Amino acid sequence: MPSTSKIAFVTIGQTPRVDLVPEMMAEITVGLPEGRITHQEFGVLDGMSPAELDAMRARDGEHSFATRLASGEEIVSSKALTEEKLNVLLQKIDGEGFDLIVLLCTGTKIEPLKNTLVVEAQRIVDSTVEALAASARKLGVIVPLERQIQDFEERHVLPGNPSLVSASPYAGDEMGERAKLLQGCDLIVMHCMGYSAEMHEEVRKSIDAPVLLSRRLVAGVVRQML
């Protein structure tokens with residue numbers, strides 16, 4: 001990597017992700033000289049009008065994502081439409097000279113890029129979950145939406161019949177209370193990049209088990225790469 005590395009953070013919602021990127025950058029850059037790493041944010045829903053945002057919303061029964069608008073509000077978007085626009089955005093960023101693209105979402109499918117290495121949160125988190133589930137007596141997973149529980153079970157074949165609960169990081173859900181439903185699990189995974197260090201602490205206080213935070217897993221990988 002060059003003396004100054006450039007990261008493109010890409011969200012399926014809107015930027016700036018004040019709830020996410022500063023926290024990740026603090027972990028990525030700890031102990032490094034100021035200016036060693038620079039970053040820019042890009043959002044799939046950036047610049048959309050209210051009508052355009054409404055067109056992106058998931059319909060009943062449709063696979064979906066929960067993400068954040070610049071206002072802080074939650075939006076539940078269509079998985080198919082989001083992935084279509086995400087891939088167009090990634091192709092554009094690929095020609096802008098970044099050293100890494102960090103995709104701030106779990107559960108997305110993307111097309112390969114020609115020039116830039118992509119750090120896919122989904123692959124990092126899912127691979128970690130699958131590796132640890134192999135030896136966990138009982139795995140617990142927290143996802144943003146109730147409808148995503150079925151999506152998760154369709155994507156993963158994990159041993160031990162994992163327990164899943166939903167708690168949105170954007171809608172004010174009580175993380176600690178939801179986590180209590182996972183009592184008896186010996187490992188908890190907060191399976192969304194929107195879950196913060198503060199939410200992680202709420203879960204840790206409410207349940208007697210190790211708790212993994214997705215954004216920390218991804219930040220650790222990015223730090224080692226730079």
# chains A, B, ... in the order shown; residues from 1 in each chain; ligands from 1

$ residues_around --residues "Glu62 of chain A" --least-positions-apart "3" --cutoff "10 Å" --atoms "only C-alpha atoms" --output "VMD selection string"
chain A and resid 57 to 59 65 77 to 80 147

$ residues_around --residues "segment 4-19 of chain A" --least-positions-apart "5" --cutoff "6 Å" --atoms "only C-alpha atoms" --output "PyMOL selection string"
chain A and resi 36-46+67-70+98-104

$ atom_distance --atom1 "atom CA of Val76 of chain A" --atom2 "atom CA of Asp54 of chain A"
9.8 Å

$ select_by_dssp --residues "chain A" --states "helix (DSSP H, G or I)" --output "JSON, numbers by chain"
{"A": [21, 22, 23, 24, 25, 26, 27, 28, 29, 50, 51, 52, 53, 54, 55, 56, 79, 80, 81, 82, 83, 84, 85, 86, 87, 88, 89, 90, 91, 92, 93, 121, 122, 123, 124, 125, 126, 127, 128, 129, 130, 131, 132, 133, 147, 148, 149, 150, 151, 152, 153, 154, 155, 175, 176, 177, 178, 179, 180, 181, 182, 197, 198, 199, 200, 201, 202, 203, 204, 205, 206, 214, 215, 216, 217, 218, 219, 220, 221, 222, 223, 224, 225]}

$ select_by_dssp --residues "segment 8-220 of chain A" --states "strand (DSSP E or B)" --output "PyMOL selection string"
chain A and resi 8-11+37-43+57+64-68+74-78+100-103+117-120+139-143+163-166+187-190+211-213

$ write_last_selection --atoms "C-alpha atoms" --output "JSON list (two decimals), in the first residue's frame"
[["chain", "number", "residue", "atom", "x", "y", "z"],
["A", 8, "ALA", "CA", -14.11, 4.15, -0.17],
["A", 9, "PHE", "CA", -16.83, 3.26, 2.33],
["A", 10, "VAL", "CA", -19.99, 2.18, 0.52],
["A", 11, "THR", "CA", -23.38, 1.93, 2.22],
["A", 37, "ILE", "CA", -5.50, 6.82, 5.79],
["A", 38, "THR", "CA", -8.11, 8.97, 4.07],
["A", 39, "HIS", "CA", -11.65, 8.00, 3.25],
["A", 40, "GLN", "CA", -14.72, 8.97, 1.27],
["A", 41, "GLU", "CA", -18.31, 7.77, 1.67],
["A", 42, "PHE", "CA", -20.75, 6.68, -1.03],
["A", 43, "GLY", "CA", -24.40, 5.67, -0.62],
["A", 57, "ARG", "CA", -38.89, 0.19, -0.46],
["A", 64, "SER", "CA", -35.06, -6.80, 1.99],
["A", 65, "PHE", "CA", -32.37, -4.75, 3.71],
["A", 66, "ALA", "CA", -32.71, -2.42, 6.69],
["A", 67, "THR", "CA", -30.54, 0.65, 6.31],
["A", 68, "ARG", "CA", -30.24, 4.28, 7.36],
["A", 74, "GLU", "CA", -34.72, 3.60, 8.92],
["A", 75, "ILE", "CA", -35.68, 2.46, 5.44],
["A", 76, "VAL", "CA", -36.41, -1.14, 4.49],
["A", 77, "SER", "CA", -35.32, -1.44, 0.89],
["A", 78, "SER", "CA", -35.83, -4.06, -1.79],
["A", 100, "LEU", "CA", -9.82, -0.40, -0.94],
["A", 101, "ILE", "CA", -13.58, -0.38, -1.17],
["A", 102, "VAL", "CA", -15.25, -1.36, 2.10],
["A", 103, "LEU", "CA", -18.84, -2.48, 1.61],
["A", 117, "LEU", "CA", -10.05, -4.79, -3.97],
["A", 118, "VAL", "CA", -13.42, -4.96, -2.21],
["A", 119, "VAL", "CA", -13.71, -5.83, 1.46],
["A", 120, "GLU", "CA", -17.15, -7.41, 1.71],
["A", 139, "LEU", "CA", -25.15, -20.00, 18.41],
["A", 140, "GLY", "CA", -27.28, -16.88, 18.76],
["A", 141, "VAL", "CA", -27.66, -14.35, 15.94],
["A", 142, "ILE", "CA", -29.20, -10.86, 15.99],
["A", 143, "VAL", "CA", -30.43, -9.46, 12.65],
["A", 163, "SER", "CA", -31.37, -19.16, 17.68],
["A", 164, "LEU", "CA", -32.18, -15.91, 15.86],
["A", 165, "VAL", "CA", -33.88, -12.72, 16.99],
["A", 166, "SER", "CA", -34.50, -9.38, 15.28],
["A", 187, "LEU", "CA", -21.87, -17.21, 21.38],
["A", 188, "ILE", "CA", -23.83, -14.21, 20.04],
["A", 189, "VAL", "CA", -23.22, -12.55, 16.67],
["A", 190, "MET", "CA", -24.63, -9.08, 15.98],
["A", 211, "VAL", "CA", -20.75, -11.13, 21.70],
["A", 212, "LEU", "CA", -19.20, -10.42, 18.30],
["A", 213, "LEU", "CA", -19.83, -7.05, 16.61]]

$ closest_residue --among "A:Ile110, A:Leu86, A:Ala134, A:Ile28" --to "Pro162 of chain A" --atoms "only C-alpha atoms"
A:Ala134

$ residues_around --residues "Asp94 of chain A" --least-positions-apart "6" --cutoff "8 Å" --atoms "only C-alpha atoms" --output "JSON, numbers by chain"
{"A": [113, 114, 115, 116]}

$ closest_residue --among "A:Gln150, A:Gln91, A:Gln122, A:Gln224" --to "Met193 of chain A" --atoms "only C-alpha atoms"
A:Gln122

$ closest_residue --among "A:Gly172, A:Arg215, A:Lys205, A:Glu153" --to "Glu73 of chain A" --atoms "only C-alpha atoms"
A:Gly172

$ closest_residue --among "A:Tyr195, A:Glu96, A:Asp186, A:His63" --to "Glu146 of chain A" --atoms "only C-alpha atoms"
A:His63

$ atom_distance --atom1 "atom CA of Met48 of chain A" --atom2 "atom CA of Pro22 of chain A"
23.7 Å

$ residues_around --residues "Arg204 of chain A" --least-positions-apart "5" --cutoff "10 Å" --atoms "only C-alpha atoms" --output "PyMOL selection string"
chain A and resi 175-176+179+188+198-199+209-212

$ write_last_selection --atoms "N, CA and C atoms" --output "mmCIF file, in the first residue's frame"
data_model
loop_
_atom_site.group_PDB
_atom_site.id
_atom_site.type_symbol
_atom_site.label_atom_id
_atom_site.label_comp_id
_atom_site.auth_asym_id
_atom_site.auth_seq_id
_atom_site.Cartn_x
_atom_site.Cartn_y
_atom_site.Cartn_z
ATOM 1 N N MET A 175 -32.011 -3.337 22.435
ATOM 2 C CA MET A 175 -31.068 -4.413 22.135
ATOM 3 C C MET A 175 -30.930 -5.400 23.291
ATOM 4 N N GLY A 176 -30.798 -4.863 24.482
ATOM 5 C CA GLY A 176 -30.611 -5.726 25.631
ATOM 6 C C GLY A 176 -31.793 -6.644 25.856
ATOM 7 N N ALA A 179 -31.886 -9.326 23.214
ATOM 8 C CA ALA A 179 -30.813 -10.296 23.406
ATOM 9 C C ALA A 179 -31.142 -11.316 24.482
ATOM 10 N N ILE A 188 -22.842 -15.088 20.694
ATOM 11 C CA ILE A 188 -23.826 -14.214 20.044
ATOM 12 C C ILE A 188 -23.122 -13.425 18.941
ATOM 13 N N GLU A 198 -22.013 0.894 21.386
ATOM 14 C CA GLU A 198 -22.952 1.102 22.489
ATOM 15 C C GLU A 198 -24.002 -0.016 22.535
ATOM 16 N N MET A 199 -24.518 -0.391 21.372
ATOM 17 C CA MET A 199 -25.484 -1.491 21.306
ATOM 18 C C MET A 199 -24.835 -2.807 21.720
ATOM 19 N N ALA A 209 -22.569 -14.372 27.631
ATOM 20 C CA ALA A 209 -21.929 -15.066 26.502
ATOM 21 C C ALA A 209 -21.074 -14.062 25.744
ATOM 22 N N PRO A 210 -20.024 -14.523 25.049
ATOM 23 C CA PRO A 210 -19.259 -13.622 24.191
ATOM 24 C C PRO A 210 -20.154 -13.065 23.083
ATOM 25 N N VAL A 211 -19.930 -11.797 22.722
ATOM 26 C CA VAL A 211 -20.745 -11.131 21.697
ATOM 27 C C VAL A 211 -19.822 -10.538 20.639
ATOM 28 N N LEU A 212 -20.010 -10.933 19.399
ATOM 29 C CA LEU A 212 -19.203 -10.419 18.296
ATOM 30 C C LEU A 212 -19.956 -9.310 17.568
#

$ atom_distance --atom1 "atom CA of Gly194 of chain A" --atom2 "atom CA of Pro169 of chain A"
5.8 Å

$ decode --residues "segment 127-159 of chain A" --atoms "N, CA, C and O atoms" --output "PDB file, in the first residue's frame"
ATOM      1  N   SER A 127     -18.354 -15.817   7.119  1.00  0.00           N
ATOM      2  CA  SER A 127     -17.311 -16.838   7.268  1.00  0.00           C
ATOM      3  C   SER A 127     -16.946 -17.037   8.731  1.00  0.00           C
ATOM      4  O   SER A 127     -16.729 -18.170   9.185  1.00  0.00           O
ATOM      5  N   THR A 128     -16.892 -15.934   9.479  1.00  0.00           N
ATOM      6  CA  THR A 128     -16.594 -16.031  10.910  1.00  0.00           C
ATOM      7  C   THR A 128     -17.708 -16.778  11.638  1.00  0.00           C
ATOM      8  O   THR A 128     -17.447 -17.644  12.485  1.00  0.00           O
ATOM      9  N   VAL A 129     -18.945 -16.451  11.306  1.00  0.00           N
ATOM     10  CA  VAL A 129     -20.085 -17.126  11.929  1.00  0.00           C
ATOM     11  C   VAL A 129     -20.036 -18.626  11.656  1.00  0.00           C
ATOM     12  O   VAL A 129     -20.190 -19.450  12.561  1.00  0.00           O
ATOM     13  N   GLU A 130     -19.813 -18.990  10.413  1.00  0.00           N
ATOM     14  CA  GLU A 130     -19.794 -20.400  10.049  1.00  0.00           C
ATOM     15  C   GLU A 130     -18.641 -21.141  10.728  1.00  0.00           C
ATOM     16  O   GLU A 130     -18.804 -22.285  11.177  1.00  0.00           O
ATOM     17  N   ALA A 131     -17.485 -20.487  10.829  1.00  0.00           N
ATOM     18  CA  ALA A 131     -16.339 -21.124  11.469  1.00  0.00           C
ATOM     19  C   ALA A 131     -16.596 -21.357  12.958  1.00  0.00           C
ATOM     20  O   ALA A 131     -16.307 -22.442  13.490  1.00  0.00           O
ATOM     21  N   LEU A 132     -17.140 -20.364  13.625  1.00  0.00           N
ATOM     22  CA  LEU A 132     -17.374 -20.485  15.061  1.00  0.00           C
ATOM     23  C   LEU A 132     -18.569 -21.374  15.383  1.00  0.00           C
ATOM     24  O   LEU A 132     -18.606 -22.046  16.416  1.00  0.00           O
ATOM     25  N   ALA A 133     -19.554 -21.385  14.495  1.00  0.00           N
ATOM     26  CA  ALA A 133     -20.730 -22.218  14.721  1.00  0.00           C
ATOM     27  C   ALA A 133     -20.383 -23.701  14.730  1.00  0.00           C
ATOM     28  O   ALA A 133     -21.084 -24.512  15.354  1.00  0.00           O
ATOM     29  N   ALA A 134     -19.288 -24.050  14.047  1.00  0.00           N
ATOM     30  CA  ALA A 134     -18.893 -25.455  13.973  1.00  0.00           C
ATOM     31  C   ALA A 134     -18.570 -26.033  15.347  1.00  0.00           C
ATOM     32  O   ALA A 134     -18.728 -27.233  15.582  1.00  0.00           O
ATOM     33  N   SER A 135     -18.113 -25.178  16.263  1.00  0.00           N
ATOM     34  CA  SER A 135     -17.755 -25.670  17.598  1.00  0.00           C
ATOM     35  C   SER A 135     -18.625 -25.087  18.710  1.00  0.00           C
ATOM     36  O   SER A 135     -18.509 -25.490  19.868  1.00  0.00           O
ATOM     37  N   ALA A 136     -19.485 -24.142  18.374  1.00  0.00           N
ATOM     38  CA  ALA A 136     -20.369 -23.568  19.396  1.00  0.00           C
ATOM     39  C   ALA A 136     -21.469 -24.556  19.754  1.00  0.00           C
ATOM     40  O   ALA A 136     -22.058 -25.198  18.877  1.00  0.00           O
ATOM     41  N   ARG A 137     -21.738 -24.679  21.030  1.00  0.00           N
ATOM     42  CA  ARG A 137     -22.821 -25.551  21.472  1.00  0.00           C
ATOM     43  C   ARG A 137     -24.163 -25.002  20.989  1.00  0.00           C
ATOM     44  O   ARG A 137     -25.026 -25.744  20.515  1.00  0.00           O
ATOM     45  N   LYS A 138     -24.326 -23.672  21.113  1.00  0.00           N
ATOM     46  CA  LYS A 138     -25.563 -23.028  20.686  1.00  0.00           C
ATOM     47  C   LYS A 138     -25.242 -21.610  20.240  1.00  0.00           C
ATOM     48  O   LYS A 138     -24.791 -20.788  21.039  1.00  0.00           O
ATOM     49  N   LEU A 139     -25.444 -21.316  18.974  1.00  0.00           N
ATOM     50  CA  LEU A 139     -25.150 -20.003  18.410  1.00  0.00           C
ATOM     51  C   LEU A 139     -26.391 -19.125  18.451  1.00  0.00           C
ATOM     52  O   LEU A 139     -27.495 -19.576  18.144  1.00  0.00           O
ATOM     53  N   GLY A 140     -26.210 -17.859  18.823  1.00  0.00           N
ATOM     54  CA  GLY A 140     -27.283 -16.881  18.758  1.00  0.00           C
ATOM     55  C   GLY A 140     -26.935 -15.782  17.771  1.00  0.00           C
ATOM     56  O   GLY A 140     -25.785 -15.335  17.716  1.00  0.00           O
ATOM     57  N   VAL A 141     -27.897 -15.361  16.966  1.00  0.00           N
ATOM     58  CA  VAL A 141     -27.657 -14.352  15.940  1.00  0.00           C
ATOM     59  C   VAL A 141     -28.722 -13.265  16.043  1.00  0.00           C
ATOM     60  O   VAL A 141     -29.919 -13.566  16.168  1.00  0.00           O
ATOM     61  N   ILE A 142     -28.281 -12.005  15.994  1.00  0.00           N
ATOM     62  CA  ILE A 142     -29.199 -10.864  15.992  1.00  0.00           C
ATOM     63  C   ILE A 142     -29.154 -10.219  14.612  1.00  0.00           C
ATOM     64  O   ILE A 142     -28.084  -9.836  14.131  1.00  0.00           O
ATOM     65  N   VAL A 143     -30.299 -10.101  13.961  1.00  0.00           N
ATOM     66  CA  VAL A 143     -30.427  -9.461  12.651  1.00  0.00           C
ATOM     67  C   VAL A 143     -31.411  -8.298  12.775  1.00  0.00           C
ATOM     68  O   VAL A 143     -32.194  -8.238  13.730  1.00  0.00           O
ATOM     69  N   PRO A 144     -31.407  -7.359  11.830  1.00  0.00           N
ATOM     70  CA  PRO A 144     -32.251  -6.164  11.984  1.00  0.00           C
ATOM     71  C   PRO A 144     -33.759  -6.403  11.902  1.00  0.00           C
ATOM     72  O   PRO A 144     -34.521  -5.773  12.629  1.00  0.00           O
ATOM     73  N   LEU A 145     -34.208  -7.273  10.982  1.00  0.00           N
ATOM     74  CA  LEU A 145     -35.632  -7.394  10.699  1.00  0.00           C
ATOM     75  C   LEU A 145     -36.129  -8.821  10.908  1.00  0.00           C
ATOM     76  O   LEU A 145     -35.416  -9.787  10.623  1.00  0.00           O
ATOM     77  N   GLU A 146     -37.368  -8.932  11.353  1.00  0.00           N
ATOM     78  CA  GLU A 146     -37.976 -10.253  11.530  1.00  0.00           C
ATOM     79  C   GLU A 146     -37.957 -11.034  10.216  1.00  0.00           C
ATOM     80  O   GLU A 146     -37.691 -12.240  10.194  1.00  0.00           O
ATOM     81  N   ARG A 147     -38.241 -10.354   9.117  1.00  0.00           N
ATOM     82  CA  ARG A 147     -38.292 -11.038   7.823  1.00  0.00           C
ATOM     83  C   ARG A 147     -36.924 -11.546   7.378  1.00  0.00           C
ATOM     84  O   ARG A 147     -36.826 -12.416   6.525  1.00  0.00           O
ATOM     85  N   GLN A 148     -35.847 -10.996   7.971  1.00  0.00           N
ATOM     86  CA  GLN A 148     -34.504 -11.434   7.608  1.00  0.00           C
ATOM     87  C   GLN A 148     -34.090 -12.730   8.303  1.00  0.00           C
ATOM     88  O   GLN A 148     -33.088 -13.338   7.928  1.00  0.00           O
ATOM     89  N   ILE A 149     -34.860 -13.141   9.293  1.00  0.00           N
ATOM     90  CA  ILE A 149     -34.544 -14.405   9.961  1.00  0.00           C
ATOM     91  C   ILE A 149     -34.652 -15.563   8.968  1.00  0.00           C
ATOM     92  O   ILE A 149     -33.775 -16.428   8.890  1.00  0.00           O
ATOM     93  N   GLN A 150     -35.714 -15.564   8.190  1.00  0.00           N
ATOM     94  CA  GLN A 150     -35.866 -16.622   7.191  1.00  0.00           C
ATOM     95  C   GLN A 150     -34.773 -16.525   6.127  1.00  0.00           C
ATOM     96  O   GLN A 150     -34.230 -17.544   5.691  1.00  0.00           O
ATOM     97  N   ASP A 151     -34.430 -15.288   5.714  1.00  0.00           N
ATOM     98  CA  ASP A 151     -33.351 -15.109   4.733  1.00  0.00           C
ATOM     99  C   ASP A 151     -32.054 -15.718   5.250  1.00  0.00           C
ATOM    100  O   ASP A 151     -31.336 -16.393   4.518  1.00  0.00           O
ATOM    101  N   PHE A 152     -31.752 -15.458   6.529  1.00  0.00           N
ATOM    102  CA  PHE A 152     -30.519 -15.968   7.126  1.00  0.00           C
ATOM    103  C   PHE A 152     -30.526 -17.494   7.130  1.00  0.00           C
ATOM    104  O   PHE A 152     -29.530 -18.134   6.785  1.00  0.00           O
ATOM    105  N   GLU A 153     -31.636 -18.070   7.518  1.00  0.00           N
ATOM    106  CA  GLU A 153     -31.726 -19.531   7.584  1.00  0.00           C
ATOM    107  C   GLU A 153     -31.628 -20.164   6.203  1.00  0.00           C
ATOM    108  O   GLU A 153     -31.121 -21.282   6.062  1.00  0.00           O
ATOM    109  N   GLU A 154     -32.067 -19.451   5.175  1.00  0.00           N
ATOM    110  CA  GLU A 154     -31.956 -19.969   3.814  1.00  0.00           C
ATOM    111  C   GLU A 154     -30.520 -19.924   3.307  1.00  0.00           C
ATOM    112  O   GLU A 154     -30.092 -20.782   2.542  1.00  0.00           O
ATOM    113  N   ARG A 155     -29.749 -18.910   3.761  1.00  0.00           N
ATOM    114  CA  ARG A 155     -28.375 -18.731   3.281  1.00  0.00           C
ATOM    115  C   ARG A 155     -27.375 -19.602   4.020  1.00  0.00           C
ATOM    116  O   ARG A 155     -26.315 -19.903   3.501  1.00  0.00           O
ATOM    117  N   HIS A 156     -27.696 -19.995   5.242  1.00  0.00           N
ATOM    118  CA  HIS A 156     -26.736 -20.702   6.089  1.00  0.00           C
ATOM    119  C   HIS A 156     -27.294 -22.045   6.526  1.00  0.00           C
ATOM    120  O   HIS A 156     -28.442 -22.138   6.961  1.00  0.00           O
ATOM    121  N   VAL A 157     -26.450 -23.055   6.416  1.00  0.00           N
ATOM    122  CA  VAL A 157     -26.769 -24.348   7.005  1.00  0.00           C
ATOM    123  C   VAL A 157     -25.772 -24.547   8.134  1.00  0.00           C
ATOM    124  O   VAL A 157     -24.611 -24.895   7.920  1.00  0.00           O
ATOM    125  N   LEU A 158     -26.208 -24.263   9.361  1.00  0.00           N
ATOM    126  CA  LEU A 158     -25.328 -24.265  10.519  1.00  0.00           C
ATOM    127  C   LEU A 158     -25.724 -25.380  11.480  1.00  0.00           C
ATOM    128  O   LEU A 158     -26.908 -25.697  11.614  1.00  0.00           O
ATOM    129  N   PRO A 159     -24.742 -25.960  12.147  1.00  0.00           N
ATOM    130  CA  PRO A 159     -25.053 -27.029  13.105  1.00  0.00           C
ATOM    131  C   PRO A 159     -25.719 -26.484  14.363  1.00  0.00           C
ATOM    132  O   PRO A 159     -25.613 -25.303  14.685  1.00  0.00           O
TER     133      PRO A 159
END
